[in-house]
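Enquirer: The following file, upload-v6.txt, comprises compact mmCIF, N, CA and C atoms:
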```
# COMPACT_ATOMS: atom_id res chain seq x y z
N MET O 244 17.53 23.15 17.56
CA MET O 244 16.11 23.40 17.72
C MET O 244 15.29 22.57 16.72
N ASN O 245 15.77 22.51 15.47
CA ASN O 245 15.05 21.70 14.47
C ASN O 245 15.07 20.23 14.85
N ARG O 246 16.18 19.79 15.42
CA ARG O 246 16.30 18.40 15.84
C ARG O 246 15.30 18.10 16.96
N LEU O 247 15.13 19.03 17.88
CA LEU O 247 14.18 18.88 18.97
C LEU O 247 12.75 18.78 18.44
N LEU O 248 12.41 19.63 17.50
CA LEU O 248 11.07 19.58 16.89
C LEU O 248 10.84 18.27 16.16
N PHE O 249 11.87 17.80 15.46
CA PHE O 249 11.77 16.52 14.76
C PHE O 249 11.52 15.38 15.74
N LEU O 250 12.29 15.35 16.84
CA LEU O 250 12.11 14.30 17.85
C LEU O 250 10.72 14.36 18.48
N LEU O 251 10.24 15.56 18.72
CA LEU O 251 8.89 15.72 19.26
C LEU O 251 7.84 15.19 18.30
N LEU O 252 7.99 15.49 17.02
CA LEU O 252 7.05 15.02 16.00
C LEU O 252 7.07 13.50 15.92
N VAL O 253 8.26 12.89 15.91
CA VAL O 253 8.38 11.43 15.85
C VAL O 253 7.73 10.80 17.07
N THR O 254 7.94 11.38 18.25
CA THR O 254 7.35 10.87 19.48
C THR O 254 5.82 10.92 19.41
N LEU O 255 5.29 12.02 18.91
CA LEU O 255 3.82 12.13 18.79
C LEU O 255 3.26 11.11 17.82
N VAL O 256 3.95 10.86 16.71
CA VAL O 256 3.48 9.87 15.73
C VAL O 256 3.46 8.49 16.35
N PHE O 257 4.53 8.12 17.07
CA PHE O 257 4.57 6.81 17.71
C PHE O 257 3.54 6.70 18.82
N ALA O 258 3.31 7.76 19.56
CA ALA O 258 2.30 7.75 20.62
C ALA O 258 0.92 7.54 20.03
N GLY O 259 0.62 8.20 18.92
CA GLY O 259 -0.67 8.03 18.26
C GLY O 259 -0.85 6.63 17.73
N THR O 260 0.23 6.05 17.20
CA THR O 260 0.18 4.68 16.71
C THR O 260 -0.06 3.71 17.85
N ALA O 261 0.61 3.93 18.97
CA ALA O 261 0.43 3.04 20.13
C ALA O 261 -0.98 3.09 20.65
N CYS O 262 -1.61 4.25 20.65
CA CYS O 262 -2.98 4.37 21.14
C CYS O 262 -3.96 3.63 20.26
N ASN O 263 -3.68 3.53 18.96
CA ASN O 263 -4.59 2.87 18.03
C ASN O 263 -4.21 1.41 17.80
N LYS O 264 -3.15 0.94 18.45
CA LYS O 264 -2.67 -0.41 18.23
C LYS O 264 -3.73 -1.45 18.49
N GLU O 265 -4.56 -1.24 19.49
CA GLU O 265 -5.56 -2.22 19.88
C GLU O 265 -6.53 -2.53 18.75
N THR O 266 -6.93 -1.55 17.98
CA THR O 266 -7.92 -1.78 16.95
C THR O 266 -7.32 -2.07 15.58
N GLU O 267 -6.03 -1.86 15.39
CA GLU O 267 -5.41 -2.04 14.09
C GLU O 267 -5.46 -3.47 13.60
N ASN O 268 -5.17 -4.43 14.47
CA ASN O 268 -5.02 -5.81 14.05
C ASN O 268 -6.22 -6.68 14.38
N LEU O 269 -7.34 -6.10 14.69
CA LEU O 269 -8.52 -6.87 15.03
C LEU O 269 -9.26 -7.29 13.76
N PRO O 270 -9.69 -8.54 13.71
CA PRO O 270 -10.44 -8.99 12.53
C PRO O 270 -11.84 -8.36 12.51
N THR O 271 -12.43 -8.34 11.36
CA THR O 271 -13.80 -7.85 11.23
C THR O 271 -14.71 -8.76 12.05
N PRO O 272 -15.45 -8.18 13.00
CA PRO O 272 -16.25 -9.03 13.89
C PRO O 272 -17.55 -9.49 13.24
N GLU O 273 -17.97 -10.68 13.64
CA GLU O 273 -19.26 -11.20 13.21
C GLU O 273 -20.29 -11.12 14.32
N ALA O 274 -19.86 -10.58 15.47
CA ALA O 274 -20.74 -10.47 16.63
C ALA O 274 -20.37 -9.19 17.37
N VAL O 275 -21.06 -8.95 18.45
CA VAL O 275 -20.77 -7.81 19.31
C VAL O 275 -19.64 -8.23 20.25
N MET O 276 -18.53 -7.51 20.21
CA MET O 276 -17.34 -7.84 21.00
C MET O 276 -17.15 -6.75 22.05
N ILE O 277 -17.10 -7.14 23.32
CA ILE O 277 -17.11 -6.18 24.42
C ILE O 277 -15.88 -6.35 25.32
N LYS O 278 -15.27 -5.22 25.67
CA LYS O 278 -14.30 -5.16 26.76
C LYS O 278 -14.96 -4.36 27.87
N PHE O 279 -14.74 -4.78 29.11
CA PHE O 279 -15.33 -4.12 30.27
C PHE O 279 -14.27 -3.31 31.00
N VAL O 280 -14.63 -2.08 31.37
CA VAL O 280 -13.73 -1.16 32.06
C VAL O 280 -14.30 -0.95 33.47
N ASN O 281 -13.53 -1.31 34.48
CA ASN O 281 -14.00 -1.21 35.87
C ASN O 281 -13.80 0.21 36.39
N LYS O 282 -14.89 0.95 36.49
CA LYS O 282 -14.87 2.30 37.05
C LYS O 282 -15.71 2.36 38.32
N SER O 283 -15.78 1.23 39.02
CA SER O 283 -16.62 1.13 40.21
C SER O 283 -15.95 1.71 41.46
N GLY O 284 -14.65 1.86 41.42
CA GLY O 284 -13.93 2.30 42.61
C GLY O 284 -13.46 1.14 43.47
N GLU O 285 -13.84 -0.08 43.10
CA GLU O 285 -13.48 -1.29 43.84
C GLU O 285 -13.18 -2.41 42.85
N SER O 286 -12.40 -3.37 43.26
CA SER O 286 -12.20 -4.56 42.43
C SER O 286 -13.44 -5.44 42.52
N ILE O 287 -13.76 -6.10 41.43
CA ILE O 287 -14.96 -6.94 41.35
C ILE O 287 -14.51 -8.38 41.14
N GLU O 288 -15.03 -9.28 41.95
CA GLU O 288 -14.71 -10.70 41.84
C GLU O 288 -15.90 -11.44 41.24
N GLY O 289 -15.62 -12.51 40.52
CA GLY O 289 -16.67 -13.37 40.00
C GLY O 289 -17.69 -12.66 39.14
N LEU O 290 -17.25 -11.70 38.36
CA LEU O 290 -18.18 -10.93 37.53
C LEU O 290 -18.68 -11.76 36.36
N THR O 291 -19.98 -11.85 36.24
CA THR O 291 -20.63 -12.50 35.11
C THR O 291 -21.56 -11.49 34.48
N VAL O 292 -21.45 -11.31 33.16
CA VAL O 292 -22.29 -10.36 32.44
C VAL O 292 -22.99 -11.09 31.30
N SER O 293 -24.30 -11.20 31.42
CA SER O 293 -25.11 -11.90 30.41
C SER O 293 -24.48 -13.22 29.99
N ARG O 294 -24.23 -14.03 30.98
CA ARG O 294 -23.71 -15.40 30.86
C ARG O 294 -22.24 -15.51 30.48
N ALA O 295 -21.56 -14.41 30.28
CA ALA O 295 -20.12 -14.46 30.01
C ALA O 295 -19.38 -14.31 31.33
N ASP O 296 -18.47 -15.23 31.60
CA ASP O 296 -17.71 -15.20 32.84
C ASP O 296 -16.51 -14.26 32.67
N ILE O 297 -16.66 -13.04 33.17
CA ILE O 297 -15.59 -12.04 33.09
C ILE O 297 -14.54 -12.34 34.13
N GLY O 298 -14.98 -12.82 35.32
CA GLY O 298 -14.06 -13.17 36.39
C GLY O 298 -13.68 -11.98 37.24
N TYR O 299 -12.40 -11.88 37.58
CA TYR O 299 -11.88 -10.81 38.43
C TYR O 299 -11.54 -9.59 37.57
N LEU O 300 -12.06 -8.44 37.96
CA LEU O 300 -11.78 -7.20 37.24
C LEU O 300 -11.29 -6.17 38.26
N LYS O 301 -10.01 -5.96 38.25
CA LYS O 301 -9.37 -5.05 39.19
C LYS O 301 -9.88 -3.62 39.00
N ASN O 302 -9.99 -2.88 40.09
CA ASN O 302 -10.41 -1.48 40.03
C ASN O 302 -9.54 -0.71 39.05
N GLY O 303 -10.17 0.02 38.16
CA GLY O 303 -9.45 0.86 37.19
C GLY O 303 -8.92 0.11 35.99
N SER O 304 -9.15 -1.19 35.91
CA SER O 304 -8.59 -1.97 34.79
C SER O 304 -9.65 -2.26 33.73
N THR O 305 -9.16 -2.75 32.61
CA THR O 305 -10.01 -3.16 31.49
C THR O 305 -9.80 -4.65 31.27
N SER O 306 -10.86 -5.37 30.96
CA SER O 306 -10.71 -6.80 30.69
C SER O 306 -9.69 -6.98 29.57
N GLU O 307 -8.88 -8.02 29.70
CA GLU O 307 -7.81 -8.24 28.72
C GLU O 307 -8.36 -8.67 27.37
N GLU O 308 -9.42 -9.43 27.39
CA GLU O 308 -9.97 -9.94 26.14
C GLU O 308 -11.32 -9.32 25.85
N TYR O 309 -11.73 -9.47 24.60
CA TYR O 309 -13.09 -9.09 24.21
C TYR O 309 -13.99 -10.29 24.47
N PHE O 310 -15.19 -10.02 24.95
CA PHE O 310 -16.18 -11.07 25.17
C PHE O 310 -17.22 -10.98 24.06
N ARG O 311 -17.57 -12.13 23.53
CA ARG O 311 -18.45 -12.22 22.36
C ARG O 311 -19.91 -12.35 22.80
N TYR O 312 -20.75 -11.54 22.18
CA TYR O 312 -22.20 -11.61 22.38
C TYR O 312 -22.86 -11.64 21.01
N GLU O 313 -23.70 -12.63 20.82
CA GLU O 313 -24.42 -12.70 19.55
C GLU O 313 -25.38 -11.52 19.41
N LYS O 314 -26.01 -11.16 20.53
CA LYS O 314 -26.93 -10.02 20.57
C LYS O 314 -26.69 -9.28 21.88
N LEU O 315 -26.66 -7.95 21.79
CA LEU O 315 -26.55 -7.13 22.99
C LEU O 315 -27.17 -5.78 22.64
N GLY O 316 -27.99 -5.29 23.54
CA GLY O 316 -28.68 -4.03 23.29
C GLY O 316 -28.23 -2.93 24.23
N GLN O 317 -28.64 -1.71 23.90
CA GLN O 317 -28.40 -0.56 24.76
C GLN O 317 -29.60 0.37 24.65
N GLN O 318 -29.81 1.10 25.72
CA GLN O 318 -30.89 2.09 25.75
C GLN O 318 -30.39 3.28 26.57
N PHE O 319 -30.47 4.45 25.96
CA PHE O 319 -30.04 5.70 26.62
C PHE O 319 -28.62 5.62 27.15
N GLY O 320 -27.74 4.87 26.45
CA GLY O 320 -26.35 4.77 26.84
C GLY O 320 -26.03 3.70 27.84
N TYR O 321 -27.05 2.98 28.32
CA TYR O 321 -26.83 1.87 29.25
C TYR O 321 -26.89 0.55 28.47
N ALA O 322 -25.89 -0.31 28.68
CA ALA O 322 -25.92 -1.64 28.08
C ALA O 322 -27.00 -2.45 28.79
N LEU O 323 -27.80 -3.17 28.03
CA LEU O 323 -28.88 -3.98 28.58
C LEU O 323 -28.34 -5.38 28.86
N VAL O 324 -27.97 -5.62 30.10
CA VAL O 324 -27.32 -6.87 30.49
C VAL O 324 -27.93 -7.42 31.78
N GLU O 325 -27.59 -8.66 32.07
CA GLU O 325 -27.89 -9.27 33.37
C GLU O 325 -26.53 -9.55 33.99
N THR O 326 -26.37 -9.22 35.26
CA THR O 326 -25.05 -9.38 35.86
C THR O 326 -25.12 -9.76 37.32
N VAL O 327 -24.01 -10.33 37.77
CA VAL O 327 -23.77 -10.57 39.18
C VAL O 327 -22.26 -10.50 39.38
N GLY O 328 -21.87 -9.94 40.51
CA GLY O 328 -20.46 -9.84 40.87
C GLY O 328 -20.34 -9.57 42.35
N THR O 329 -19.16 -9.72 42.89
CA THR O 329 -18.94 -9.54 44.33
C THR O 329 -17.91 -8.44 44.55
N ILE O 330 -18.27 -7.49 45.43
CA ILE O 330 -17.37 -6.42 45.85
C ILE O 330 -17.30 -6.46 47.37
N ASP O 331 -16.11 -6.63 47.89
CA ASP O 331 -15.91 -6.69 49.35
C ASP O 331 -16.88 -7.65 50.03
N GLY O 332 -17.07 -8.82 49.43
CA GLY O 332 -17.92 -9.84 50.04
C GLY O 332 -19.41 -9.66 49.83
N LYS O 333 -19.84 -8.56 49.20
CA LYS O 333 -21.27 -8.32 48.93
C LYS O 333 -21.57 -8.62 47.47
N ARG O 334 -22.72 -9.26 47.25
CA ARG O 334 -23.16 -9.55 45.89
C ARG O 334 -23.83 -8.32 45.30
N TYR O 335 -23.49 -8.02 44.06
CA TYR O 335 -24.08 -6.91 43.32
C TYR O 335 -24.78 -7.47 42.09
N PHE O 336 -25.90 -6.85 41.74
CA PHE O 336 -26.71 -7.30 40.62
C PHE O 336 -26.94 -6.15 39.64
N THR O 337 -27.71 -6.40 38.62
CA THR O 337 -27.96 -5.42 37.56
C THR O 337 -28.84 -4.27 38.05
N ALA O 338 -28.40 -3.05 37.81
CA ALA O 338 -29.21 -1.86 38.11
C ALA O 338 -30.40 -1.82 37.15
N SER O 339 -31.49 -1.22 37.58
CA SER O 339 -32.70 -1.19 36.75
C SER O 339 -32.47 -0.48 35.42
N ALA O 340 -31.55 0.49 35.36
CA ALA O 340 -31.29 1.20 34.11
C ALA O 340 -30.70 0.28 33.05
N CYS O 341 -30.14 -0.85 33.47
CA CYS O 341 -29.45 -1.75 32.54
C CYS O 341 -30.28 -2.99 32.19
N GLN O 342 -31.50 -3.06 32.65
CA GLN O 342 -32.33 -4.24 32.41
C GLN O 342 -33.26 -4.00 31.23
N GLY O 343 -33.61 -5.07 30.57
CA GLY O 343 -34.60 -4.99 29.51
C GLY O 343 -34.14 -5.65 28.23
N VAL O 344 -35.09 -5.83 27.33
CA VAL O 344 -34.83 -6.40 26.01
C VAL O 344 -35.31 -5.40 24.98
N CYS O 345 -34.47 -5.10 24.02
CA CYS O 345 -34.80 -4.10 23.00
C CYS O 345 -36.15 -4.37 22.35
N ASP O 346 -36.86 -3.30 22.06
CA ASP O 346 -38.15 -3.34 21.35
C ASP O 346 -39.24 -4.08 22.12
N THR O 347 -39.14 -4.11 23.44
CA THR O 347 -40.19 -4.70 24.27
C THR O 347 -40.58 -3.64 25.30
N PRO O 348 -41.66 -3.85 26.04
CA PRO O 348 -42.03 -2.89 27.07
C PRO O 348 -40.93 -2.63 28.11
N SER O 349 -40.01 -3.59 28.31
CA SER O 349 -38.94 -3.38 29.28
C SER O 349 -37.84 -2.46 28.76
N ALA O 350 -37.73 -2.32 27.46
CA ALA O 350 -36.75 -1.41 26.84
C ALA O 350 -37.30 -0.93 25.50
N PRO O 351 -38.36 -0.12 25.54
CA PRO O 351 -39.01 0.29 24.29
C PRO O 351 -38.14 1.14 23.38
N HIS O 352 -37.15 1.80 23.93
CA HIS O 352 -36.26 2.63 23.10
C HIS O 352 -34.90 1.97 22.91
N GLY O 353 -34.82 0.69 23.23
CA GLY O 353 -33.57 -0.05 23.11
C GLY O 353 -33.18 -0.25 21.65
N GLU O 354 -31.89 -0.35 21.45
CA GLU O 354 -31.35 -0.59 20.10
C GLU O 354 -30.36 -1.74 20.19
N TRP O 355 -30.44 -2.64 19.23
CA TRP O 355 -29.46 -3.73 19.17
C TRP O 355 -28.15 -3.17 18.64
N LEU O 356 -27.05 -3.55 19.25
CA LEU O 356 -25.74 -3.14 18.76
C LEU O 356 -25.40 -3.93 17.51
N THR O 357 -24.76 -3.27 16.57
CA THR O 357 -24.29 -3.95 15.37
C THR O 357 -22.96 -4.63 15.68
N PRO O 358 -22.60 -5.68 14.94
CA PRO O 358 -21.31 -6.32 15.19
C PRO O 358 -20.19 -5.27 15.16
N GLY O 359 -19.32 -5.36 16.15
CA GLY O 359 -18.22 -4.42 16.26
C GLY O 359 -17.55 -4.56 17.61
N TYR O 360 -16.56 -3.72 17.83
CA TYR O 360 -15.82 -3.72 19.09
C TYR O 360 -16.28 -2.55 19.94
N TYR O 361 -16.61 -2.83 21.19
CA TYR O 361 -17.15 -1.82 22.10
C TYR O 361 -16.46 -1.94 23.46
N LYS O 362 -16.50 -0.84 24.20
CA LYS O 362 -16.08 -0.84 25.59
C LYS O 362 -17.26 -0.36 26.43
N ILE O 363 -17.43 -1.02 27.57
CA ILE O 363 -18.52 -0.69 28.48
C ILE O 363 -17.93 -0.49 29.88
N SER O 364 -18.29 0.62 30.52
CA SER O 364 -17.82 0.86 31.88
C SER O 364 -18.75 0.18 32.88
N VAL O 365 -18.15 -0.30 33.96
CA VAL O 365 -18.89 -0.91 35.05
C VAL O 365 -18.77 0.02 36.25
N ARG O 366 -19.89 0.44 36.78
CA ARG O 366 -19.91 1.35 37.94
C ARG O 366 -20.90 0.83 38.98
N VAL O 367 -20.69 1.23 40.22
CA VAL O 367 -21.67 0.96 41.25
C VAL O 367 -22.78 1.99 41.07
N SER O 368 -24.01 1.51 41.04
CA SER O 368 -25.16 2.37 40.82
C SER O 368 -25.57 3.08 42.10
N ASN O 369 -26.13 4.28 41.95
CA ASN O 369 -26.69 5.03 43.08
C ASN O 369 -28.14 4.64 43.36
N GLU O 370 -28.64 3.66 42.65
CA GLU O 370 -30.03 3.24 42.80
C GLU O 370 -30.30 2.79 44.23
N ALA O 371 -31.37 3.29 44.79
CA ALA O 371 -31.75 2.95 46.17
C ALA O 371 -32.28 1.53 46.26
N GLY O 372 -32.10 0.93 47.42
CA GLY O 372 -32.73 -0.35 47.68
C GLY O 372 -31.86 -1.56 47.49
N GLY O 373 -30.59 -1.41 47.18
CA GLY O 373 -29.76 -2.59 47.02
C GLY O 373 -28.37 -2.28 46.51
N ASP O 374 -27.66 -3.34 46.22
CA ASP O 374 -26.30 -3.23 45.69
C ASP O 374 -26.36 -3.57 44.21
N TYR O 375 -26.20 -2.53 43.38
CA TYR O 375 -26.38 -2.69 41.95
C TYR O 375 -25.19 -2.17 41.16
N LEU O 376 -24.97 -2.78 40.00
CA LEU O 376 -23.97 -2.33 39.05
C LEU O 376 -24.66 -1.80 37.81
N GLU O 377 -24.10 -0.74 37.23
CA GLU O 377 -24.62 -0.23 35.97
C GLU O 377 -23.54 -0.30 34.92
N PHE O 378 -23.95 -0.44 33.70
CA PHE O 378 -23.06 -0.64 32.57
C PHE O 378 -23.33 0.43 31.52
N ARG O 379 -22.37 1.32 31.33
CA ARG O 379 -22.52 2.45 30.39
C ARG O 379 -21.67 2.21 29.15
N MET O 380 -22.24 2.49 27.99
CA MET O 380 -21.50 2.41 26.74
C MET O 380 -20.42 3.49 26.72
N LEU O 381 -19.21 3.14 26.33
CA LEU O 381 -18.13 4.12 26.25
C LEU O 381 -17.87 4.60 24.83
N ASN O 382 -18.31 3.86 23.83
CA ASN O 382 -18.08 4.32 22.46
C ASN O 382 -19.29 4.18 21.61
```
Could you render the structure as structure tokens?
Expert:
Amino acid sequence: MNRLLFLLLVTLVFAGTACNKETENLPTPEAVMIKFVNKSGESIEGLTVSRADIGYLKNGSTSEEYFRYEKLGQQFGYALVETVGTIDGKRYFTASACQGVCDTPSAPHGEWLTPGYYKISVRVSNEAGGDYLEFRMLN
């Protein structure tokens, strides 16, 4: 029984280490570093987010690399980006909740992100009138 508890404890320690592996060896960032998580329900082709070519992002996956942004803002949990991508042959653009520039009339409550590592989810927006993607801050 003690051996079983010991093995369970060792397994939990290694599992916790594996979960934090991604951030352990990352250098101190000098810019905003973003990974995108596709929660749209569909794979996205040709995804471009604020001039960064993300490319193909499979449904349910996270971009393999971090994308560097010198400046990136958020307002009310939405990343303020410009985007275009294709889902099932249809072009999708930025949802209105994700548009604007911090500290301007387009995003008066926007805040600039400090240099660091972030994850942003990509979802299809329920916004009426078109095919839109929204970008929510995950951390």
Enquirer: Could you pull out the alpha helix (DSSP H) residues of chain O from DSSP and send them as a ChimeraX atom specification?
Expert: /O:245-267
Enquirer: Using only C-alpha atoms - which residues lie no farther than 9 Å from the point (-30.7, -1.1, 24.2) in the file's frame? Write them as a list of chain:residue names.
Expert: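 Checked against the point, the hits come out as O:Leu315, O:Gly316, O:Gln317, O:Gln318, O:Phe319, O:Gly320, O:Tyr321, O:Ala322, O:Leu323, O:Cys341, O:Gln342, O:Gly343, O:Val344, O:Cys345, O:Asp346, O:Ala350, O:Pro351, O:His352, O:Gly353, O:Glu354, O:Trp355, O:Leu356.
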Enquirer: Between O:Ile277, O:Ala338, O:Val365, O:Met380, which is the closest to O:Thr326 once you count only N, CA and C atoms?
Expert: O:Ala338
Enquirer: If I take atom N of O:Leu300 and atom N of O:Ser364, how far is one from the other in Å, to one decimal?
Expert: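 Interatomic distance here is 13.3 Å.
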Enquirer: To one decimal place, how far is atom CA of O:Thr329 from atom CA of O:Ile297 in Å?
Expert: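 Going from atom CA of O:Thr329 over to atom CA of O:Ile297, I get 12.0 Å.
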Enquirer: Please provide the set of residues having any atom within 12 Å of O:Thr357, restricted to only C-alpha atoms, with same-chain residues fewer than 4 positions apart removed, written as a short mmCIF file (atom, residue, chain, number, x, y, z; two decimals) with N, CA and C atoms, keeping the file's coordinate frame.
Expert:
```cif
data_model
loop_
_atom_site.label_atom_id
_atom_site.label_comp_id
_atom_site.auth_asym_id
_atom_site.auth_seq_id
_atom_site.Cartn_x
_atom_site.Cartn_y
_atom_site.Cartn_z
N THR O 271 -12.43 -8.34 11.36
CA THR O 271 -13.80 -7.85 11.23
C THR O 271 -14.71 -8.76 12.05
N PRO O 272 -15.45 -8.18 13.00
CA PRO O 272 -16.25 -9.03 13.89
C PRO O 272 -17.55 -9.49 13.24
N GLU O 273 -17.97 -10.68 13.64
CA GLU O 273 -19.26 -11.20 13.21
C GLU O 273 -20.29 -11.12 14.32
N ALA O 274 -19.86 -10.58 15.47
CA ALA O 274 -20.74 -10.47 16.63
C ALA O 274 -20.37 -9.19 17.37
N VAL O 275 -21.06 -8.95 18.45
CA VAL O 275 -20.77 -7.81 19.31
C VAL O 275 -19.64 -8.23 20.25
N MET O 276 -18.53 -7.51 20.21
CA MET O 276 -17.34 -7.84 21.00
C MET O 276 -17.15 -6.75 22.05
N ILE O 277 -17.10 -7.14 23.32
CA ILE O 277 -17.11 -6.18 24.42
C ILE O 277 -15.88 -6.35 25.32
N TYR O 312 -20.75 -11.54 22.18
CA TYR O 312 -22.20 -11.61 22.38
C TYR O 312 -22.86 -11.64 21.01
N GLU O 313 -23.70 -12.63 20.82
CA GLU O 313 -24.42 -12.70 19.55
C GLU O 313 -25.38 -11.52 19.41
N LYS O 314 -26.01 -11.16 20.53
CA LYS O 314 -26.93 -10.02 20.57
C LYS O 314 -26.69 -9.28 21.88
N LEU O 315 -26.66 -7.95 21.79
CA LEU O 315 -26.55 -7.13 22.99
C LEU O 315 -27.17 -5.78 22.64
N GLY O 316 -27.99 -5.29 23.54
CA GLY O 316 -28.68 -4.03 23.29
C GLY O 316 -28.23 -2.93 24.23
N GLN O 317 -28.64 -1.71 23.90
CA GLN O 317 -28.40 -0.56 24.76
C GLN O 317 -29.60 0.37 24.65
N TYR O 361 -16.61 -2.83 21.19
CA TYR O 361 -17.15 -1.82 22.10
C TYR O 361 -16.46 -1.94 23.46
#
```
Enquirer: Using only C-alpha atoms, collect all residues at a distance of at most 6 Å from (-10.5, -2.9, 39.0) as written in the file, then present them as a PyMOL selection string.
Expert: chain O and resi 281+285-286+300-304
Enquirer: One decimal, Å: what's the distance from atom N of O:Leu376 over to atom N of O:Gly359, could you say?
Expert: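 Going from atom N of O:Leu376 over to atom N of O:Gly359 covers 24.6 Å.
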Enquirer: Tell me which of O:Val280, O:Leu381, O:Ala340, O:Val324 sits closest to O:Ser368, counting only C-alpha atoms.
Expert: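 Looking only at the distances to O:Ser368, the closest residue turns out to be O:Ala340.
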Enquirer: Report the residues of chain O whose backbone DSSP state falls under strand (DSSP E), written as an MDAnalysis selection string.
Expert: chainID O and resid 275:281 287:292 295:300 310:312 316:318 321:323 326:330 333:337 354:355 359:367 375:380
Enquirer: Write out as a short mmCIF file (atom, residue, chain, number, x, y, z; two decimals) with N, CA and C atoms, in the frame of the given file which residues come within 8 Å of O:Ala295 when counting only N, CA and C atoms, dropping same-chain ones fewer than 4 positions away.
Expert:
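File out-v7.cif, as written:
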```cif
data_model
loop_
_atom_site.label_atom_id
_atom_site.label_comp_id
_atom_site.auth_asym_id
_atom_site.auth_seq_id
_atom_site.Cartn_x
_atom_site.Cartn_y
_atom_site.Cartn_z
N LEU O 290 -17.25 -11.70 38.36
CA LEU O 290 -18.18 -10.93 37.53
C LEU O 290 -18.68 -11.76 36.36
N THR O 291 -19.98 -11.85 36.24
CA THR O 291 -20.63 -12.50 35.11
C THR O 291 -21.56 -11.49 34.48
N PHE O 310 -15.19 -10.02 24.95
CA PHE O 310 -16.18 -11.07 25.17
C PHE O 310 -17.22 -10.98 24.06
N ARG O 311 -17.57 -12.13 23.53
CA ARG O 311 -18.45 -12.22 22.36
C ARG O 311 -19.91 -12.35 22.80
N GLU O 325 -27.59 -8.66 32.07
CA GLU O 325 -27.89 -9.27 33.37
C GLU O 325 -26.53 -9.55 33.99
#
```
Enquirer: Please determine, counting all atoms listed in the file, which residue among O:Tyr309, O:Phe279, O:Tyr335, O:Tyr360 has the shortest atom-to-atom distance to O:Asn382.
Expert: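 For O:Asn382, the nearest of the candidates is O:Tyr360.
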